[in-house]
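Engineer: One structure, as structure tokens, below. Some questions next.
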Amino acid sequence: QVQLVESGGASVQAGGSLRLSCVVTGRNIFSLNTIGWYRQPPGKQRELVAQILNDGRTNYIDAVKGRFTISKDSAKNTVYLQMSALKPEDTAVYYCKLITTIAGNVYWGQGTQVTVSS
């Protein structure tokens with residue numbers, strides 16, 4: 001059974017940094033997967049923030065380019081989202097999502113809260 005568990009969310013001041021972690025069990029993150037970080041601000045829809053593809057290519061939404069970095073750690077089977085220069089508009093619940101490339105199975109974590117105050 002594939003499970004994703006996020007952690008690292010916190011309350012920080014604007015300009016600060018956080019690193020979110022998504023520990024994956026039940027599947028090797030270097031298998032044929034796409035793994036993404038999503039966020040859902042209060043009262044808004046969930047949106048893709050960053051994703052990392054099978055071949056290691058990464059994609060980011062414009063709002064976080066240059067500030068956020070997604071990466072994978074094979075030893076810990078963990079996906080990270082390093083966030084810097086945080087802004088109040090980054091406040092949201094952040095979720096990790098894994099999609100298996102061939103079967104298209106989708107797995108979500110439970111989310112971790114990030115709050116950025118001005």
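A note on labels: chains of the structure tokens are A, B, ... as shown, every chain counts residues from 1, and ligands are counted from 1 in their shown order.
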Please give the complete set of residues from chain A that DSSP, run on the backbone, assigns to helix (DSSP H, G or I), formatted as a PyMOL selection string.

Structural biologist: chain A and resi 62-64+88-90

Engineer: How about saving the chosen residues, N, CA and C atoms kept, as a CSV table (one decimal), in the first residue's frame?

Structural biologist:
chain,number,residue,atom,x,y,z
A,62,ASP,N,4.5,30.0,-11.9
A,62,ASP,CA,5.2,31.3,-11.9
A,62,ASP,C,5.4,31.9,-10.5
A,63,ALA,N,4.4,31.8,-9.7
A,63,ALA,CA,4.3,32.4,-8.4
A,63,ALA,C,5.5,32.0,-7.5
A,64,VAL,N,6.0,30.8,-7.7
A,64,VAL,CA,7.1,30.3,-6.8
A,64,VAL,C,8.4,30.1,-7.5
A,88,PRO,N,3.0,36.1,2.5
A,88,PRO,CA,1.7,35.8,3.1
A,88,PRO,C,0.8,35.0,2.1
A,89,GLU,N,1.0,35.3,0.8
A,89,GLU,CA,0.1,34.6,-0.1
A,89,GLU,C,0.5,33.1,-0.3
A,90,ASP,N,1.6,32.7,0.3
A,90,ASP,CA,2.0,31.3,0.3
A,90,ASP,C,1.3,30.5,1.4

Engineer: Extract, using only C-alpha atoms, all DNA, RNA and protein residues at most 7 Å from stretch 47-54 of chain A, discarding same-chain residues fewer than 4 positions from it, and format them as a list in words.

Structural biologist: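 Surrounding residues, per the criterion: Phe30, Leu32, Asn33, Thr34, Ile35, Gly36, Trp37, Tyr38, Arg39, Gln40, Thr58, Asn59, Tyr60, Ile61 and Ile70 of chain A.
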
Engineer: If you count only C-alpha atoms, which residues fall within 9 Å of A:Thr78, apart from same-chain ones fewer than 5 positions away, as a list in words?

Structural biologist: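 Everything that qualifies: Ser21, Cys22, Val23, Val24, Thr25, Ile29, Ser71, Lys72 and Asp73 of chain A.
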
Engineer: Could you please take those selected residues and save all heavy atoms as a compact mmCIF listing (two decimals), in the first residue's frame?

Structural biologist:
# COMPACT_ATOMS: atom_id res chain seq x y z
N SER A 21 8.65 18.02 3.83
CA SER A 21 9.06 16.67 3.48
C SER A 21 7.83 15.82 3.18
O SER A 21 6.79 15.97 3.83
CB SER A 21 9.82 16.02 4.64
OG SER A 21 10.98 16.76 4.96
N CYS A 22 7.99 14.92 2.23
CA CYS A 22 6.93 13.96 1.89
C CYS A 22 7.59 12.58 1.88
O CYS A 22 8.31 12.24 0.93
CB CYS A 22 6.32 14.29 0.54
SG CYS A 22 5.14 13.06 -0.06
N VAL A 23 7.38 11.82 2.93
CA VAL A 23 7.93 10.48 3.02
C VAL A 23 6.97 9.50 2.34
O VAL A 23 5.79 9.45 2.68
CB VAL A 23 8.15 10.06 4.48
CG1 VAL A 23 8.68 8.64 4.55
CG2 VAL A 23 9.11 11.02 5.17
N VAL A 24 7.50 8.75 1.39
CA VAL A 24 6.69 7.80 0.62
C VAL A 24 7.04 6.38 1.06
O VAL A 24 8.21 6.01 1.12
CB VAL A 24 6.94 7.95 -0.88
CG1 VAL A 24 6.10 6.94 -1.67
CG2 VAL A 24 6.61 9.38 -1.33
N THR A 25 6.04 5.60 1.37
CA THR A 25 6.22 4.19 1.67
C THR A 25 5.37 3.36 0.72
O THR A 25 4.34 3.82 0.23
CB THR A 25 5.83 3.85 3.12
OG1 THR A 25 4.48 4.25 3.36
CG2 THR A 25 6.73 4.56 4.11
N ILE A 29 10.29 6.09 -5.02
CA ILE A 29 10.01 7.36 -5.68
C ILE A 29 10.78 7.53 -6.99
O ILE A 29 10.47 8.41 -7.78
CB ILE A 29 10.27 8.57 -4.75
CG1 ILE A 29 11.75 8.64 -4.32
CG2 ILE A 29 9.35 8.53 -3.55
CD1 ILE A 29 12.09 9.90 -3.55
N SER A 71 12.80 18.45 -4.80
CA SER A 71 13.90 17.51 -4.97
C SER A 71 13.52 16.17 -4.37
O SER A 71 12.54 16.06 -3.61
CB SER A 71 15.17 18.04 -4.30
OG SER A 71 14.98 18.19 -2.91
N LYS A 72 14.31 15.13 -4.73
CA LYS A 72 14.07 13.78 -4.22
C LYS A 72 15.34 13.24 -3.56
O LYS A 72 16.44 13.51 -4.02
CB LYS A 72 13.67 12.84 -5.37
CG LYS A 72 12.38 13.21 -6.05
CD LYS A 72 11.88 12.12 -7.00
CE LYS A 72 12.72 11.95 -8.22
NZ LYS A 72 12.09 11.03 -9.21
N ASP A 73 15.14 12.46 -2.52
CA ASP A 73 16.24 11.81 -1.81
C ASP A 73 16.01 10.30 -1.86
O ASP A 73 15.06 9.80 -1.24
CB ASP A 73 16.28 12.31 -0.36
CG ASP A 73 17.44 11.73 0.44
OD1 ASP A 73 17.88 10.60 0.15
OD2 ASP A 73 17.89 12.42 1.37

Engineer: Skip A:Arg67 itself and residues of its chain fewer than 4 positions away, then list as a ChimeraX atom specification all residues within 7 Å of it, counting only C-alpha atoms.

Structural biologist: /A:83-85

Engineer: Put those residues in a file: C-alpha atoms, as a JSON list (two decimals), in the first residue's frame.

Structural biologist:
[["chain", "number", "residue", "atom", "x", "y", "z"],
["A", 83, "MET", "CA", 10.65, 27.23, 0.25],
["A", 84, "SER", "CA", 12.41, 30.55, 0.70],
["A", 85, "ALA", "CA", 11.46, 34.22, 0.60]]

Engineer: Would you kindly return, as a count of residues only, each protein, DNA or RNA residue with an atom no farther than 8 Å from any atom of stretch 103-116 of chain A, considering only C-alpha atoms and excluding same-chain residues fewer than 5 positions away?

Structural biologist: 27

Engineer: Suppose you want the space between atom CA of A:Asp55 and atom CA of A:Gly26; what is it in Å?

Structural biologist: 20.4 Å

Engineer: One decimal, Å: what's the distance from atom CA of A:Thr101 over to atom CA of A:Gly56, could you say?

Structural biologist: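 Here the two named atoms are 13.6 Å from each other.
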
Engineer: If you run DSSP on the backbone here, which positions in chain A get strand (DSSP E)? Please write them as a PDB file with N, CA and C atoms, in the first residue's frame.

Structural biologist:
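What landed in out_1.pdb:
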ATOM      1  N   GLN A   3       1.702   5.004   0.724  1.00  0.00           N
ATOM      2  CA  GLN A   3       1.299   6.070   1.645  1.00  0.00           C
ATOM      3  C   GLN A   3       2.266   7.231   1.540  1.00  0.00           C
ATOM      4  N   LEU A   4       1.722   8.434   1.661  1.00  0.00           N
ATOM      5  CA  LEU A   4       2.513   9.654   1.637  1.00  0.00           C
ATOM      6  C   LEU A   4       2.239  10.413   2.940  1.00  0.00           C
ATOM      7  N   VAL A   5       3.297  10.834   3.611  1.00  0.00           N
ATOM      8  CA  VAL A   5       3.150  11.572   4.856  1.00  0.00           C
ATOM      9  C   VAL A   5       3.980  12.847   4.777  1.00  0.00           C
ATOM     10  N   GLU A   6       3.290  13.988   4.821  1.00  0.00           N
ATOM     11  CA  GLU A   6       3.973  15.284   4.772  1.00  0.00           C
ATOM     12  C   GLU A   6       4.293  15.766   6.176  1.00  0.00           C
ATOM     13  N   SER A   7       5.321  16.591   6.251  1.00  0.00           N
ATOM     14  CA  SER A   7       5.672  17.251   7.501  1.00  0.00           C
ATOM     15  C   SER A   7       6.481  18.497   7.172  1.00  0.00           C
ATOM     16  N   SER A  11       4.362  28.045  11.185  1.00  0.00           N
ATOM     17  CA  SER A  11       4.060  29.464  11.059  1.00  0.00           C
ATOM     18  C   SER A  11       5.372  30.226  11.034  1.00  0.00           C
ATOM     19  N   VAL A  12       5.558  31.059  10.009  1.00  0.00           N
ATOM     20  CA  VAL A  12       6.801  31.818   9.850  1.00  0.00           C
ATOM     21  C   VAL A  12       6.485  33.253   9.456  1.00  0.00           C
ATOM     22  N   GLN A  13       7.467  34.100   9.610  1.00  0.00           N
ATOM     23  CA  GLN A  13       7.357  35.478   9.154  1.00  0.00           C
ATOM     24  C   GLN A  13       7.666  35.563   7.667  1.00  0.00           C
ATOM     25  N   LEU A  18      11.188  27.484   4.821  1.00  0.00           N
ATOM     26  CA  LEU A  18      10.744  26.204   5.360  1.00  0.00           C
ATOM     27  C   LEU A  18      11.118  25.113   4.377  1.00  0.00           C
ATOM     28  N   ARG A  19      11.287  23.906   4.900  1.00  0.00           N
ATOM     29  CA  ARG A  19      11.453  22.748   4.035  1.00  0.00           C
ATOM     30  C   ARG A  19      10.377  21.736   4.385  1.00  0.00           C
ATOM     31  N   LEU A  20       9.544  21.436   3.411  1.00  0.00           N
ATOM     32  CA  LEU A  20       8.521  20.415   3.577  1.00  0.00           C
ATOM     33  C   LEU A  20       9.069  19.068   3.129  1.00  0.00           C
ATOM     34  N   SER A  21       8.647  18.020   3.827  1.00  0.00           N
ATOM     35  CA  SER A  21       9.059  16.667   3.483  1.00  0.00           C
ATOM     36  C   SER A  21       7.832  15.823   3.179  1.00  0.00           C
ATOM     37  N   CYS A  22       7.989  14.919   2.229  1.00  0.00           N
ATOM     38  CA  CYS A  22       6.934  13.958   1.886  1.00  0.00           C
ATOM     39  C   CYS A  22       7.590  12.582   1.879  1.00  0.00           C
ATOM     40  N   VAL A  23       7.377  11.817   2.932  1.00  0.00           N
ATOM     41  CA  VAL A  23       7.928  10.476   3.019  1.00  0.00           C
ATOM     42  C   VAL A  23       6.971   9.504   2.337  1.00  0.00           C
ATOM     43  N   VAL A  24       7.499   8.746   1.388  1.00  0.00           N
ATOM     44  CA  VAL A  24       6.689   7.802   0.622  1.00  0.00           C
ATOM     45  C   VAL A  24       7.035   6.383   1.065  1.00  0.00           C
ATOM     46  N   THR A  25       6.036   5.599   1.372  1.00  0.00           N
ATOM     47  CA  THR A  25       6.221   4.188   1.671  1.00  0.00           C
ATOM     48  C   THR A  25       5.372   3.364   0.719  1.00  0.00           C
ATOM     49  N   ASN A  33       7.127   7.539 -11.831  1.00  0.00           N
ATOM     50  CA  ASN A  33       6.156   8.353 -11.105  1.00  0.00           C
ATOM     51  C   ASN A  33       6.303   9.812 -11.496  1.00  0.00           C
ATOM     52  N   THR A  34       5.239  10.543 -11.291  1.00  0.00           N
ATOM     53  CA  THR A  34       5.320  11.994 -11.221  1.00  0.00           C
ATOM     54  C   THR A  34       4.910  12.368  -9.807  1.00  0.00           C
ATOM     55  N   ILE A  35       5.709  13.181  -9.170  1.00  0.00           N
ATOM     56  CA  ILE A  35       5.418  13.572  -7.797  1.00  0.00           C
ATOM     57  C   ILE A  35       5.316  15.091  -7.743  1.00  0.00           C
ATOM     58  N   GLY A  36       4.265  15.550  -7.107  1.00  0.00           N
ATOM     59  CA  GLY A  36       4.055  16.981  -7.061  1.00  0.00           C
ATOM     60  C   GLY A  36       3.688  17.482  -5.686  1.00  0.00           C
ATOM     61  N   TRP A  37       3.959  18.736  -5.474  1.00  0.00           N
ATOM     62  CA  TRP A  37       3.483  19.455  -4.301  1.00  0.00           C
ATOM     63  C   TRP A  37       2.342  20.367  -4.757  1.00  0.00           C
ATOM     64  N   TYR A  38       1.240  20.305  -4.030  1.00  0.00           N
ATOM     65  CA  TYR A  38       0.072  21.131  -4.280  1.00  0.00           C
ATOM     66  C   TYR A  38      -0.196  21.954  -3.021  1.00  0.00           C
ATOM     67  N   ARG A  39      -0.993  22.999  -3.187  1.00  0.00           N
ATOM     68  CA  ARG A  39      -1.402  23.762  -2.016  1.00  0.00           C
ATOM     69  C   ARG A  39      -2.843  24.233  -2.167  1.00  0.00           C
ATOM     70  N   GLN A  40      -3.481  24.406  -1.024  1.00  0.00           N
ATOM     71  CA  GLN A  40      -4.852  24.890  -0.998  1.00  0.00           C
ATOM     72  C   GLN A  40      -4.959  26.021  -0.001  1.00  0.00           C
ATOM     73  N   GLU A  47      -4.104  23.859  -5.893  1.00  0.00           N
ATOM     74  CA  GLU A  47      -3.345  24.134  -7.114  1.00  0.00           C
ATOM     75  C   GLU A  47      -1.990  23.453  -7.064  1.00  0.00           C
ATOM     76  N   LEU A  48      -1.498  23.110  -8.249  1.00  0.00           N
ATOM     77  CA  LEU A  48      -0.154  22.548  -8.361  1.00  0.00           C
ATOM     78  C   LEU A  48       0.861  23.653  -8.103  1.00  0.00           C
ATOM     79  N   VAL A  49       1.867  23.345  -7.302  1.00  0.00           N
ATOM     80  CA  VAL A  49       2.948  24.290  -7.012  1.00  0.00           C
ATOM     81  C   VAL A  49       4.215  23.888  -7.760  1.00  0.00           C
ATOM     82  N   ALA A  50       4.584  22.627  -7.655  1.00  0.00           N
ATOM     83  CA  ALA A  50       5.819  22.141  -8.271  1.00  0.00           C
ATOM     84  C   ALA A  50       5.685  20.647  -8.489  1.00  0.00           C
ATOM     85  N   GLN A  51       6.353  20.143  -9.515  1.00  0.00           N
ATOM     86  CA  GLN A  51       6.356  18.703  -9.729  1.00  0.00           C
ATOM     87  C   GLN A  51       7.698  18.255 -10.275  1.00  0.00           C
ATOM     88  N   ILE A  52       7.988  16.982 -10.030  1.00  0.00           N
ATOM     89  CA  ILE A  52       9.222  16.396 -10.534  1.00  0.00           C
ATOM     90  C   ILE A  52       8.849  15.137 -11.295  1.00  0.00           C
ATOM     91  N   THR A  58      11.843  19.280 -13.620  1.00  0.00           N
ATOM     92  CA  THR A  58      10.956  19.919 -12.647  1.00  0.00           C
ATOM     93  C   THR A  58      10.147  21.024 -13.306  1.00  0.00           C
ATOM     94  N   ASN A  59       8.982  21.260 -12.770  1.00  0.00           N
ATOM     95  CA  ASN A  59       8.117  22.341 -13.225  1.00  0.00           C
ATOM     96  C   ASN A  59       7.607  23.106 -12.015  1.00  0.00           C
ATOM     97  N   TYR A  60       7.457  24.415 -12.175  1.00  0.00           N
ATOM     98  CA  TYR A  60       6.976  25.267 -11.096  1.00  0.00           C
ATOM     99  C   TYR A  60       5.944  26.239 -11.641  1.00  0.00           C
ATOM    100  N   PHE A  68      11.068  28.431  -4.667  1.00  0.00           N
ATOM    101  CA  PHE A  68      10.824  27.057  -4.209  1.00  0.00           C
ATOM    102  C   PHE A  68      11.648  26.090  -5.052  1.00  0.00           C
ATOM    103  N   THR A  69      12.071  25.004  -4.417  1.00  0.00           N
ATOM    104  CA  THR A  69      12.799  23.959  -5.126  1.00  0.00           C
ATOM    105  C   THR A  69      12.272  22.601  -4.691  1.00  0.00           C
ATOM    106  N   ILE A  70      11.910  21.770  -5.670  1.00  0.00           N
ATOM    107  CA  ILE A  70      11.478  20.404  -5.394  1.00  0.00           C
ATOM    108  C   ILE A  70      12.641  19.456  -5.668  1.00  0.00           C
ATOM    109  N   SER A  71      12.799  18.454  -4.795  1.00  0.00           N
ATOM    110  CA  SER A  71      13.898  17.514  -4.965  1.00  0.00           C
ATOM    111  C   SER A  71      13.516  16.169  -4.372  1.00  0.00           C
ATOM    112  N   LYS A  72      14.309  15.132  -4.726  1.00  0.00           N
ATOM    113  CA  LYS A  72      14.073  13.780  -4.223  1.00  0.00           C
ATOM    114  C   LYS A  72      15.336  13.239  -3.559  1.00  0.00           C
ATOM    115  N   ASP A  73      15.139  12.458  -2.523  1.00  0.00           N
ATOM    116  CA  ASP A  73      16.238  11.808  -1.807  1.00  0.00           C
ATOM    117  C   ASP A  73      16.005  10.301  -1.858  1.00  0.00           C
ATOM    118  N   THR A  78      12.134  10.135  -0.022  1.00  0.00           N
ATOM    119  CA  THR A  78      11.433  11.348   0.408  1.00  0.00           C
ATOM    120  C   THR A  78      11.535  12.421  -0.663  1.00  0.00           C
ATOM    121  N   VAL A  79      10.471  13.177  -0.812  1.00  0.00           N
ATOM    122  CA  VAL A  79      10.441  14.320  -1.713  1.00  0.00           C
ATOM    123  C   VAL A  79      10.371  15.577  -0.857  1.00  0.00           C
ATOM    124  N   TYR A  80      11.160  16.571  -1.223  1.00  0.00           N
ATOM    125  CA  TYR A  80      11.217  17.802  -0.448  1.00  0.00           C
ATOM    126  C   TYR A  80      10.686  18.974  -1.266  1.00  0.00           C
ATOM    127  N   LEU A  81      10.217  19.969  -0.536  1.00  0.00           N
ATOM    128  CA  LEU A  81       9.926  21.259  -1.137  1.00  0.00           C
ATOM    129  C   LEU A  81      10.620  22.309  -0.274  1.00  0.00           C
ATOM    130  N   GLN A  82      11.721  22.837  -0.783  1.00  0.00           N
ATOM    131  CA  GLN A  82      12.429  23.894  -0.088  1.00  0.00           C
ATOM    132  C   GLN A  82      11.798  25.221  -0.488  1.00  0.00           C
ATOM    133  N   MET A  83      11.345  25.972   0.501  1.00  0.00           N
ATOM    134  CA  MET A  83      10.647  27.234   0.248  1.00  0.00           C
ATOM    135  C   MET A  83      11.418  28.362   0.905  1.00  0.00           C
ATOM    136  N   ALA A  92      -1.135  28.272   3.092  1.00  0.00           N
ATOM    137  CA  ALA A  92      -1.990  27.215   2.543  1.00  0.00           C
ATOM    138  C   ALA A  92      -1.698  25.903   3.255  1.00  0.00           C
ATOM    139  N   VAL A  93      -2.574  24.940   3.004  1.00  0.00           N
ATOM    140  CA  VAL A  93      -2.240  23.560   3.348  1.00  0.00           C
ATOM    141  C   VAL A  93      -1.514  22.978   2.136  1.00  0.00           C
ATOM    142  N   TYR A  94      -0.345  22.400   2.366  1.00  0.00           N
ATOM    143  CA  TYR A  94       0.469  21.847   1.293  1.00  0.00           C
ATOM    144  C   TYR A  94       0.335  20.326   1.291  1.00  0.00           C
ATOM    145  N   TYR A  95       0.094  19.787   0.093  1.00  0.00           N
ATOM    146  CA  TYR A  95      -0.118  18.354  -0.081  1.00  0.00           C
ATOM    147  C   TYR A  95       0.901  17.785  -1.051  1.00  0.00           C
ATOM    148  N   CYS A  96       1.248  16.545  -0.822  1.00  0.00           N
ATOM    149  CA  CYS A  96       2.111  15.789  -1.721  1.00  0.00           C
ATOM    150  C   CYS A  96       1.231  14.809  -2.505  1.00  0.00           C
ATOM    151  N   LYS A  97       1.515  14.657  -3.790  1.00  0.00           N
ATOM    152  CA  LYS A  97       0.726  13.768  -4.657  1.00  0.00           C
ATOM    153  C   LYS A  97       1.668  12.944  -5.513  1.00  0.00           C
ATOM    154  N   LEU A  98       1.380  11.663  -5.612  1.00  0.00           N
ATOM    155  CA  LEU A  98       2.161  10.761  -6.464  1.00  0.00           C
ATOM    156  C   LEU A  98       1.233  10.146  -7.495  1.00  0.00           C
ATOM    157  N   ILE A  99       1.652  10.161  -8.745  1.00  0.00           N
ATOM    158  CA  ILE A  99       0.907   9.515  -9.830  1.00  0.00           C
ATOM    159  C   ILE A  99       1.824   8.497 -10.475  1.00  0.00           C
ATOM    160  N   THR A 100       1.377   7.253 -10.514  1.00  0.00           N
ATOM    161  CA  THR A 100       2.188   6.238 -11.183  1.00  0.00           C
ATOM    162  C   THR A 100       2.010   6.391 -12.690  1.00  0.00           C
ATOM    163  N   VAL A 106      -3.282   7.324  -8.330  1.00  0.00           N
ATOM    164  CA  VAL A 106      -3.040   8.609  -7.676  1.00  0.00           C
ATOM    165  C   VAL A 106      -3.082   8.428  -6.165  1.00  0.00           C
ATOM    166  N   TYR A 107      -2.081   8.981  -5.503  1.00  0.00           N
ATOM    167  CA  TYR A 107      -1.989   8.911  -4.041  1.00  0.00           C
ATOM    168  C   TYR A 107      -1.726  10.310  -3.494  1.00  0.00           C
ATOM    169  N   TRP A 108      -2.418  10.640  -2.418  1.00  0.00           N
ATOM    170  CA  TRP A 108      -2.269  11.932  -1.745  1.00  0.00           C
ATOM    171  C   TRP A 108      -1.833  11.741  -0.302  1.00  0.00           C
ATOM    172  N   THR A 112       0.051  19.451   5.161  1.00  0.00           N
ATOM    173  CA  THR A 112       0.747  20.120   6.253  1.00  0.00           C
ATOM    174  C   THR A 112       0.522  21.626   6.092  1.00  0.00           C
ATOM    175  N   GLN A 113       0.238  22.300   7.205  1.00  0.00           N
ATOM    176  CA  GLN A 113      -0.146  23.706   7.172  1.00  0.00           C
ATOM    177  C   GLN A 113       1.073  24.614   7.170  1.00  0.00           C
ATOM    178  N   VAL A 114       1.076  25.551   6.231  1.00  0.00           N
ATOM    179  CA  VAL A 114       2.091  26.606   6.186  1.00  0.00           C
ATOM    180  C   VAL A 114       1.367  27.943   6.340  1.00  0.00           C
ATOM    181  N   THR A 115       1.789  28.711   7.323  1.00  0.00           N
ATOM    182  CA  THR A 115       1.204  30.034   7.560  1.00  0.00           C
ATOM    183  C   THR A 115       2.323  31.069   7.557  1.00  0.00           C
ATOM    184  N   VAL A 116       2.182  32.070   6.689  1.00  0.00           N
ATOM    185  CA  VAL A 116       3.187  33.118   6.572  1.00  0.00           C
ATOM    186  C   VAL A 116       2.552  34.446   6.978  1.00  0.00           C
ATOM    187  N   SER A 117       3.109  35.070   7.989  1.00  0.00           N
ATOM    188  CA  SER A 117       2.569  36.342   8.475  1.00  0.00           C
ATOM    189  C   SER A 117       3.454  37.496   8.032  1.00  0.00           C
TER     190      SER A 117
END
